[in-house]
Every structure is written in structure tokens, then in C-alpha cells.
Amino acid sequence: MRKLLLASAASLCCAIGAQAGGYLTNTNQSVNFLRNPARDGAIGVDGAYFNPAGVGFLTNGWHLGVYLQSAYQTRTTTSSFGTGTPLPFALGTVNGKANSADGVKRYEGKAQAPVIPSFSLARIGDKWFASFHFGITGGGGKCNFSDGLPSFESQVAMLPTLIGAIAPGAVTGYSLDTHMQGRQYYFGGQFGLGYKVAPGFNVSVGGRVVYADCNYYGYVRGISVDVRTPQGAVSMPAATFFTNQNLPHFAGLVADRELNCDQSGWGFAPIIGVDYKTGRWNFAAKYEFKTRLRLKNRSGENTSGLEEYDDGKLIAADIPALLTLGAQYEILDGLRVNGGFHYYFDKQATQHNNREKHLAHGGWEVLAGMEYDISDRWTVSGGWQSTNYGLGQDSRFLSDMSFVTNSNSVGIGAAFRLKERVKLNVAYFKTFYKHYEKRQADYAGLAATFTGMLTPMAGQLQTAAAQLAGILQNPNATAAEKLVAQQQLGIIQGESQALGQVAEGLKGYNTSGYDNFHRTNDVFGIGLEVDF
């Protein structure tokens with residue numbers, strides 16, 4: 001229990017923020033994207049991110065785009081496990097609030113990013129052109145889980161069952177205080193240099209420098225159990241209960257835990273692109289190589305027992321390679337349709353403990369949109385994006401602390417030309433996520449976790465018993481020393497017996513369960529584009 005209670009806090013940031021795109025990639029890098037996400041074959045200054053080779057088809061001179069977005073997201077996990085009546089979660093009280101009596105619990109995390117800035121800059125010449133983009137290419141906000149997460153509460157929820165193997169009916173419930181929060185920003189600076197090979201054909205090369213800055217904070221405090229007494233149920237610290245039962249080694253498992261860890265690191269990804277324009281058609285392709293990223297821990301506090309967050313440790317967190325294909329067709333003067341396709345090479349991007357190997361395949365997206373110039377000043381647009389992850393059935397890649405689900409997104413918006421060379425963009429982008437239910441034969445690895453703790457504890461108790469037996473058999477030991485050793489040996493033998501009872505009880509308990517994952521996402525944007 002002590003090794004996993006705060007795993008959720010430490011891993012919150014794997015997918016927080018207001019991303020549109022892959023599980024580690026934000027593609028919402030301009031307000032133009034929000035109003036029509038199929039930007040891969042479009043021509044615009046935001047092509048500095050989406051279509052760097054296409055930037056060369058802008059008019060000669062300087063072009064600037066400045067964008068601000070506000071994103072709001074919820075991440076919900078509905079969970080239950082165990083058998084019988086009542087179910088384990090039904091016995092809990094978290095942060096002073098009693099859980100639902102049906103044993104099905106809803107955990108909600110809220111992520112807000114009120115200001116997400118980005119900007120694009122391009123300089124176009126007769127043959128050569130250059131571009132630069134800056135934005136938050138991963139993460140992008142803070143996520144708070146005010147009542148923790150099921151992966152660790154489930155361990156506390158097992159206390160009445162485990163204690164019941166030692167003292168049947170002695171414990172009727174549990175309580176704890178907990179809070180989890182995470183923050184993640186992946187800042188990306190992308191540059192490109194392009195050349196007009198022939199009329200209608202451009203190429204570009206460049207890259208993106210990524211700086212990751214994350215923080216994870218969380219605690220589990222005040223683990224208590226409701227103990228049945230002749231006067232009624234009495235709440236007491238779980239450590240006190242175990243001490244009263246002459247089980248001091250068990251008391252150490254329910255001590256307070258806290259984590260405060262910063263992570264940061266640098267990475268770089270080369271990027272190549274091509275764009276071909278003929279008549280009313282425009283075709284484009286871009287390939288972003290994998291960003292090798294290693295995050296270094298700076299832990300102010302880590303009593304979670306997780307070596308993954310030890311101070312100074314390097315954590316693998318690669319950003320997957322990405323292939324994008326796009327096309328644009330001008331049906332009539334001022335009426336354009338767009339299409340796009342993205343493929344994320346997720347299985348080739350190394351994550352901590354090779355988590356990426358649990359994916360069935362890489363993620364992919366299909367995008368479509370339309371723009372219409374209704375006048376010299378006004379343009380309206382709308383678009384759609386379907387995002388699909390290679391999760392497979394009951395994917396081990398997903399956890400309550402870091403999950404993504406397939407989705408469909410729609411964007412609408414407009415552009416208004418304030419002056420001949422100044423354009424204002426406004427947009428709204430809404431994502432409709434699908435529910436994903438993950439069934440688990442051993443919910444959150446509970447049986448494996450407790451079995452993994454009981455085995456070494458049994459070894460420790462055997463070692464301690466052997467040492468005490470040695471004192472009792474030592475003819476040079478004093479009577480007082482032997483008396484103390486005899487008392488301690490009695491406690492050790494009692495703990496060993498209790499440990500055996502818990503192990504047997506755990507074998508007979510069904511720890512199967514499920515997590516049902518769901519998210520919401522709303523993004524608003526405003527941007528200004530200027531041609532010099």
C-alpha cells in the first residue's frame with residue numbers, strides 16, 4: 001500500500017491540459033485550427049506549425065499571427081470493484097464526504113488553462129522563405145482531483161476486508177483525507193527554412209525544440225477505520241488500531257504519504273515538409289521525427305515509496321513522431337474545402353516502464369473542413385476532427401491517472417478583416433469524447449500489490465523471530481533480556497499468524513472491477529494576423 005498510494009498524484013500530467021491531437025501532442029496551435037481543424041493543406045501564417053512548406057505561397061514580406069486560447073476540461077472516472085454487499089467503496093468517507101452506498105464512485109478532475117498563447121511568424125522571399133512558431137505543444141494546464149483517484153483509494157477500501165480476516169466484523173468502514181494535482185507545460189519553439197523548387201512546389205526543413213516543465217503534488221493523510229465497539233462504531237487512526245491489536249508492522253503500512261516533485265527536460269525533433277499547388281488544388285505533407293525527452297526529477301518531498309520520483313532520477317517521456325497529410329480545394333472563388341490525416345507513431349515513443357508497449361497501434365486522425373468568404377471582409381468556417389487511439393480492448397495503457405479516449409470534435413468560427421492587412425479570428429472548439437470501459441480481473445492490481453507486500457513482510461518477521469529465539473537460547477543473556485525477548489517474540493508470532501490469515505483471506509476474495517473513463521473539453525480562441 002505504501003508504494004502505490006501516491007502513484008496517481010505523480011502521474012497526473014501524462015495527459016492533462018486541453019489537447020487536440022495525440023495523447024502527448026497538442027495540435028490546437030492557432031485560432032484558425034479551432035474554426036477549421038483541417039489545416040494541414042491550408043495556406044496561412046499558422047502554417048509555420050501545420051504546413052511549413054506551404055508558407056512559401058504567402059505573398060512576399062513578413063507575416064505574423066498572435067493567438068490566445070482558453071480551455072476547460074473535465075476528466076471523469078466511474079469505478080467499482082469487489083463482490084458482496086456492501087461493496088468496498090460503499091464503506092468509505094473521503095475528505096469528510098461519505099461515498100455512495102451502491103459502491104460505485106465517481107472521481108472528477110478539472111483542468112483549466114485560461115490563457116494558452118501561441119504565435120507564428122514568416123518571412124517570404126523570391127526563392128527562400130523562413131518561419132517560426134511558438135506554442136504549448138503538450139499539456140497546457142493544471143488538473144486537480146479534489147477527492148483523489150480510485151487506484152489508491154481502492155487500497156484503503158480493502159482495509160475492512162483484510163482486517164476482517166484477522167478480526168471478523170471488527171471494522172465497518174474507512175476514511176482518509178487526500179488531494180492530488182498536476183501541472184504540465186511542454187513549450188515548443190519550431191523553426192523552418194524553405195525553398196521554392198519550382199512554380200507550385202515548395203520544400204522545407206526545420207525542427208522543434210521542446211522544454212518540459214511539470215509539477216506533481218499530492219498527499220494521503222489521516223487513514224482511519226471505523227471500529228465496532230459495544231457503544232457503537234468508533235473512528236480511530238488505522239495505525240492505532242493495528243498497534244492496539246499488537247500488529248506494529250501493519251501500522252507502518254498506513255502512515256501518511258506526501259509527494260512534491262518537479263520535472264523538467266529538453267528535447268528536439270527534426271521536421272521536413274513538402275507542398276504542391278496546382279490549379280485549385282493544394283497538397284501538403286509533413287513529418288515530425290520523434291522527440292527524445294528525458295525528464296529530471298527535483299523532489300522536495302517523496303514519502304510515497306515510488307523510486308520513479310526519487311530526486312535526480314531521469315524519466316523517459318518521448319513525444320511520438322507524427323505524419324500529416326493535407327489537401328485543399330477551391331470549389332468556387334472564395335469557397336474552399338479541406339481534408340487531412342494524421343498518424344502518431346505512439347508505440348515507438350518510449351515512456352516510463354515501456355508503457356507504450358500496451359498500445360495496440362499508433363493513434364490516427366481524420367479531419368475535414370470548409371471556409372467561405374462571404375464578403376471582402378468576412379470569412380466563416382467550420383470543421384470536424386475524429387481522433388482514434390490504439391487502445392485495444394481493456395487496454396493496460398490506460399489508468400485513472402492518465403487516460404485518453406476516442407473522440408469527435410467540431411470547430412466553428414469567423415475571420416474579420418479589420419484593415420487590408422489586419423485580420424481578426426474568433427472560434428469555438430468542442431470535443432465529444434466516447435466512454436471507454438476498462439474491465440480488470442484484479443482491479444488496480446490489488447491482489448498482486450498486497451501479495452507483493454505480504455511476502456517480504458513474512459520474511460522480516462521470520463528474521464526477527466529467529467533473532468529473538470537466539471536471545472532466548474543464549475546462556476549469557478540476562479533474565480531481563482530474555483523476558484523482553486519473550487514478549488517481543490509473542491508479538492512477532494501473533495503478527496505472523498495474522499499475516500497468514502490475511503494471505504488466505506486475500507486468496508478467496510474477488511478483486512475484479514472496472515473503470516469507466518470519460519472527458520469533456522471546450523476551447524475558445526481569439527487571434528490577430530498581420531501582413532507587413
# chains A, B, ... in the order shown; residues from 1 in each chain; ligands from 1
call {"tool": "residues_around", "arguments": {"residues": "Asp531 (chain A)", "least_positions_apart": "4", "cutoff": "12 Å", "atoms": "only C-alpha atoms", "output": "ChimeraX atom specification"}}
result
/A:44-45,58-66,120-124,417,419-423
call {"tool": "select_by_dssp", "arguments": {"residues": "region 147-219 of chain A", "states": "alpha helix (DSSP H)", "output": "mmCIF file with N, CA, C and O atoms, in the first residue's frame"}}
result
data_model
loop_
_atom_site.group_PDB
_atom_site.id
_atom_site.type_symbol
_atom_site.label_atom_id
_atom_site.label_comp_id
_atom_site.auth_asym_id
_atom_site.auth_seq_id
_atom_site.Cartn_x
_atom_site.Cartn_y
_atom_site.Cartn_z
ATOM 1 N N PRO A 150 -9.282 6.484 -7.865
ATOM 2 C CA PRO A 150 -9.647 5.142 -7.379
ATOM 3 C C PRO A 150 -8.479 4.193 -7.212
ATOM 4 O O PRO A 150 -8.555 3.267 -6.400
ATOM 5 N N SER A 151 -7.388 4.391 -7.961
ATOM 6 C CA SER A 151 -6.287 3.433 -7.892
ATOM 7 C C SER A 151 -5.662 3.364 -6.509
ATOM 8 O O SER A 151 -5.129 2.331 -6.128
ATOM 9 N N PHE A 152 -5.695 4.461 -5.757
ATOM 10 C CA PHE A 152 -5.149 4.364 -4.402
ATOM 11 C C PHE A 152 -6.229 4.261 -3.343
ATOM 12 O O PHE A 152 -6.048 3.616 -2.322
ATOM 13 N N GLU A 153 -7.421 4.868 -3.556
ATOM 14 C CA GLU A 153 -8.470 4.691 -2.551
ATOM 15 C C GLU A 153 -8.876 3.219 -2.452
ATOM 16 O O GLU A 153 -9.250 2.737 -1.378
ATOM 17 N N SER A 154 -8.782 2.502 -3.593
ATOM 18 C CA SER A 154 -9.156 1.089 -3.573
ATOM 19 C C SER A 154 -8.292 0.302 -2.594
ATOM 20 O O SER A 154 -8.759 -0.668 -1.983
ATOM 21 N N GLN A 155 -7.032 0.726 -2.425
ATOM 22 C CA GLN A 155 -6.163 0.031 -1.475
ATOM 23 C C GLN A 155 -6.623 0.262 -0.040
ATOM 24 O O GLN A 155 -6.627 -0.654 0.784
ATOM 25 N N VAL A 156 -7.012 1.525 0.256
ATOM 26 C CA VAL A 156 -7.545 1.815 1.590
ATOM 27 C C VAL A 156 -8.888 1.117 1.773
ATOM 28 O O VAL A 156 -9.209 0.630 2.866
ATOM 29 N N ALA A 157 -9.684 1.055 0.687
ATOM 30 C CA ALA A 157 -11.001 0.415 0.768
ATOM 31 C C ALA A 157 -10.907 -1.074 1.083
ATOM 32 O O ALA A 157 -11.891 -1.684 1.519
ATOM 33 N N LEU A 159 -9.063 -2.275 3.438
ATOM 34 C CA LEU A 159 -8.747 -2.464 4.859
ATOM 35 C C LEU A 159 -9.829 -3.235 5.621
ATOM 36 O O LEU A 159 -9.503 -4.173 6.370
ATOM 37 N N PRO A 160 -11.127 -2.874 5.487
ATOM 38 C CA PRO A 160 -12.129 -3.664 6.227
ATOM 39 C C PRO A 160 -12.098 -5.143 5.863
ATOM 40 O O PRO A 160 -12.270 -6.004 6.736
ATOM 41 N N THR A 161 -11.868 -5.464 4.590
ATOM 42 C CA THR A 161 -11.810 -6.863 4.164
ATOM 43 C C THR A 161 -10.585 -7.564 4.732
ATOM 44 O O THR A 161 -10.671 -8.686 5.253
ATOM 45 N N LEU A 162 -9.422 -6.906 4.639
ATOM 46 C CA LEU A 162 -8.190 -7.521 5.136
ATOM 47 C C LEU A 162 -8.206 -7.680 6.647
ATOM 48 O O LEU A 162 -7.790 -8.721 7.185
ATOM 49 N N ILE A 163 -8.691 -6.656 7.341
ATOM 50 C CA ILE A 163 -8.763 -6.750 8.801
ATOM 51 C C ILE A 163 -9.790 -7.810 9.202
ATOM 52 O O ILE A 163 -9.645 -8.502 10.227
ATOM 53 N N GLY A 164 -10.847 -7.943 8.370
ATOM 54 C CA GLY A 164 -11.860 -8.957 8.652
ATOM 55 C C GLY A 164 -11.295 -10.360 8.676
ATOM 56 O O GLY A 164 -11.849 -11.249 9.332
ATOM 57 N N ALA A 165 -10.181 -10.591 7.973
ATOM 58 C CA ALA A 165 -9.535 -11.913 8.010
ATOM 59 C C ALA A 165 -8.875 -12.167 9.353
ATOM 60 O O ALA A 165 -8.664 -13.314 9.741
ATOM 61 N N ILE A 166 -8.532 -11.077 10.064
ATOM 62 C CA ILE A 166 -7.884 -11.192 11.382
ATOM 63 C C ILE A 166 -8.923 -11.134 12.494
ATOM 64 O O ILE A 166 -8.934 -11.952 13.420
#
call {"tool": "residues_around", "arguments": {"residues": "region 82-91 of chain A", "least_positions_apart": "4", "cutoff": "12 Å", "atoms": "only C-alpha atoms", "output": "CSV table (one decimal) with C-alpha atoms, in the first residue's frame"}}
result
chain,number,residue,atom,x,y,z
A,78,THR,CA,-16.5,6.0,-12.6
A,97,LYS,CA,-17.9,13.1,2.4
A,98,ALA,CA,-19.4,9.6,2.6
A,99,ASN,CA,-19.2,7.5,-0.6
A,100,SER,CA,-22.3,6.3,-2.4
A,101,ALA,CA,-24.0,3.3,-0.8
A,102,ASP,CA,-24.0,1.4,-4.0
A,103,GLY,CA,-20.2,1.1,-4.1
A,104,VAL,CA,-19.9,2.9,-7.4
A,105,LYS,CA,-17.8,6.0,-7.1
A,106,ARG,CA,-17.3,8.9,-9.5
A,107,TYR,CA,-13.9,10.8,-9.5
A,149,LEU,CA,-8.3,8.7,-7.6
A,150,PRO,CA,-9.6,5.1,-7.4
A,151,SER,CA,-6.3,3.4,-7.9
A,152,PHE,CA,-5.1,4.4,-4.4
A,153,GLU,CA,-8.5,4.7,-2.6
A,154,SER,CA,-9.2,1.1,-3.6
A,155,GLN,CA,-6.2,0.0,-1.5
A,156,VAL,CA,-7.5,1.8,1.6
A,157,ALA,CA,-11.0,0.4,0.8
A,158,MET,CA,-9.5,-3.1,1.2
A,159,LEU,CA,-8.7,-2.5,4.9
A,160,PRO,CA,-12.1,-3.7,6.2
A,161,THR,CA,-11.8,-6.9,4.2
A,162,LEU,CA,-8.2,-7.5,5.1
A,171,VAL,CA,-14.0,-2.8,11.2
A,172,THR,CA,-17.1,-1.4,9.4
A,173,GLY,CA,-15.6,1.4,7.3
A,174,TYR,CA,-12.7,3.6,6.5
A,175,SER,CA,-11.8,7.3,5.9
A,176,LEU,CA,-9.0,9.3,4.6
A,224,SER,CA,-8.7,5.8,9.8
A,225,VAL,CA,-11.0,2.8,10.3
A,226,ASP,CA,-14.5,2.6,11.9
A,440,GLN,CA,-9.9,-5.7,-14.8
A,441,ALA,CA,-9.7,-9.2,-13.3
A,442,ASP,CA,-7.6,-7.8,-10.5
A,443,TYR,CA,-8.7,-4.2,-10.0
A,444,ALA,CA,-5.8,-1.7,-9.9
A,446,LEU,CA,-4.9,-5.0,-5.7
A,447,ALA,CA,-4.3,-8.7,-5.2
A,506,LEU,CA,-7.0,-12.4,0.0
A,508,GLY,CA,-10.6,-16.1,-1.5
A,509,TYR,CA,-11.6,-12.5,-2.3
A,510,ASN,CA,-12.7,-11.5,-5.8
A,511,THR,CA,-10.9,-8.2,-6.7
A,512,SER,CA,-12.3,-7.8,-10.2
A,513,GLY,CA,-13.7,-4.4,-11.1
A,514,TYR,CA,-13.9,-1.7,-13.8
call {"tool": "atom_distance", "arguments": {"atom1": "CA of Gly169 (chain A)", "atom2": "CA of Arg228 (chain A)"}}
result
7.4 Å
call {"tool": "residues_around", "arguments": {"residues": "Asn297 (chain A)", "least_positions_apart": "3", "cutoff": "10 Å", "atoms": "only C-alpha atoms", "output": "VMD selection string"}}
result
chain A and resid 214 to 215 261 to 265 294 300 308 to 315
call {"tool": "atom_distance", "arguments": {"atom1": "CA of Val115 (chain A)", "atom2": "CA of Glu365 (chain A)"}}
result
25.8 Å
call {"tool": "residues_around", "arguments": {"residues": "Phe119 (chain A)", "least_positions_apart": "3", "cutoff": "9 Å", "atoms": "only C-alpha atoms", "output": "ChimeraX atom specification"}}
result
/A:29-30,46,64-68,132-135
call {"tool": "write_last_selection", "arguments": {"atoms": "C-alpha atoms", "output": "mmCIF file, in the first residue's frame"}}
result
data_model
loop_
_atom_site.group_PDB
_atom_site.id
_atom_site.type_symbol
_atom_site.label_atom_id
_atom_site.label_comp_id
_atom_site.auth_asym_id
_atom_site.auth_seq_id
_atom_site.Cartn_x
_atom_site.Cartn_y
_atom_site.Cartn_z
ATOM 1 C CA GLN A 29 -1.812 25.771 -32.243
ATOM 2 C CA SER A 30 -3.867 28.604 -33.769
ATOM 3 C CA ASP A 46 -0.092 29.423 -38.959
ATOM 4 C CA LEU A 64 2.588 37.496 -38.083
ATOM 5 C CA GLY A 65 -0.145 35.618 -36.230
ATOM 6 C CA VAL A 66 -0.800 36.005 -32.486
ATOM 7 C CA TYR A 67 -3.348 33.714 -30.819
ATOM 8 C CA LEU A 68 -4.903 33.327 -27.378
ATOM 9 C CA PHE A 132 8.883 30.302 -36.692
ATOM 10 C CA HIS A 133 6.178 29.100 -34.320
ATOM 11 C CA PHE A 134 5.954 29.126 -30.546
ATOM 12 C CA GLY A 135 3.264 27.405 -28.507
#
call {"tool": "residues_around", "arguments": {"residues": "region 451-463 of chain A", "least_positions_apart": "3", "cutoff": "12 Å", "atoms": "only C-alpha atoms", "output": "PyMOL selection string"}}
result
chain A and resi 1-4+162+247-250+252-253+442+445-448+466-470+488-507
call {"tool": "closest_residue", "arguments": {"among": "A:Tyr219, A:Phe450, A:Phe432, A:Phe187", "to": "Thr303 (chain A)", "atoms": "only C-alpha atoms"}}
result
A:Tyr219
call {"tool": "closest_atom_pairs", "arguments": {"of": "region 103-198 of chain A", "to": "region 267-275 of chain A", "cutoff": "12 Å", "atoms": "only C-alpha atoms", "output": "tab-separated table"}}
result
residue	atom	partner	partner_atom	distance
A:Tyr186	CA	A:Gly267	CA	10.0
A:Phe187	CA	A:Gly267	CA	10.3
A:Gly188	CA	A:Phe268	CA	9.3
A:Gly189	CA	A:Phe268	CA	9.6
A:Gln190	CA	A:Ile271	CA	8.9
A:Phe191	CA	A:Ile271	CA	8.9
A:Gly192	CA	A:Ile271	CA	8.0
A:Leu193	CA	A:Ile272	CA	9.6
A:Gly194	CA	A:Gly273	CA	8.7
A:Tyr195	CA	A:Val274	CA	9.9
A:Lys196	CA	A:Asp275	CA	9.6
A:Val197	CA	A:Val274	CA	10.2
A:Ala198	CA	A:Asp275	CA	10.9
call {"tool": "closest_residue", "arguments": {"among": "A:Arg221, A:Lys357, A:Lys430, A:His518", "to": "Arg35 (chain A)", "atoms": "only C-alpha atoms"}}
result
A:Lys430
call {"tool": "closest_residue", "arguments": {"among": "A:Asp394, A:Phe33, A:Ala251, A:Val209", "to": "Ala239 (chain A)", "atoms": "only C-alpha atoms"}}
result
A:Ala251
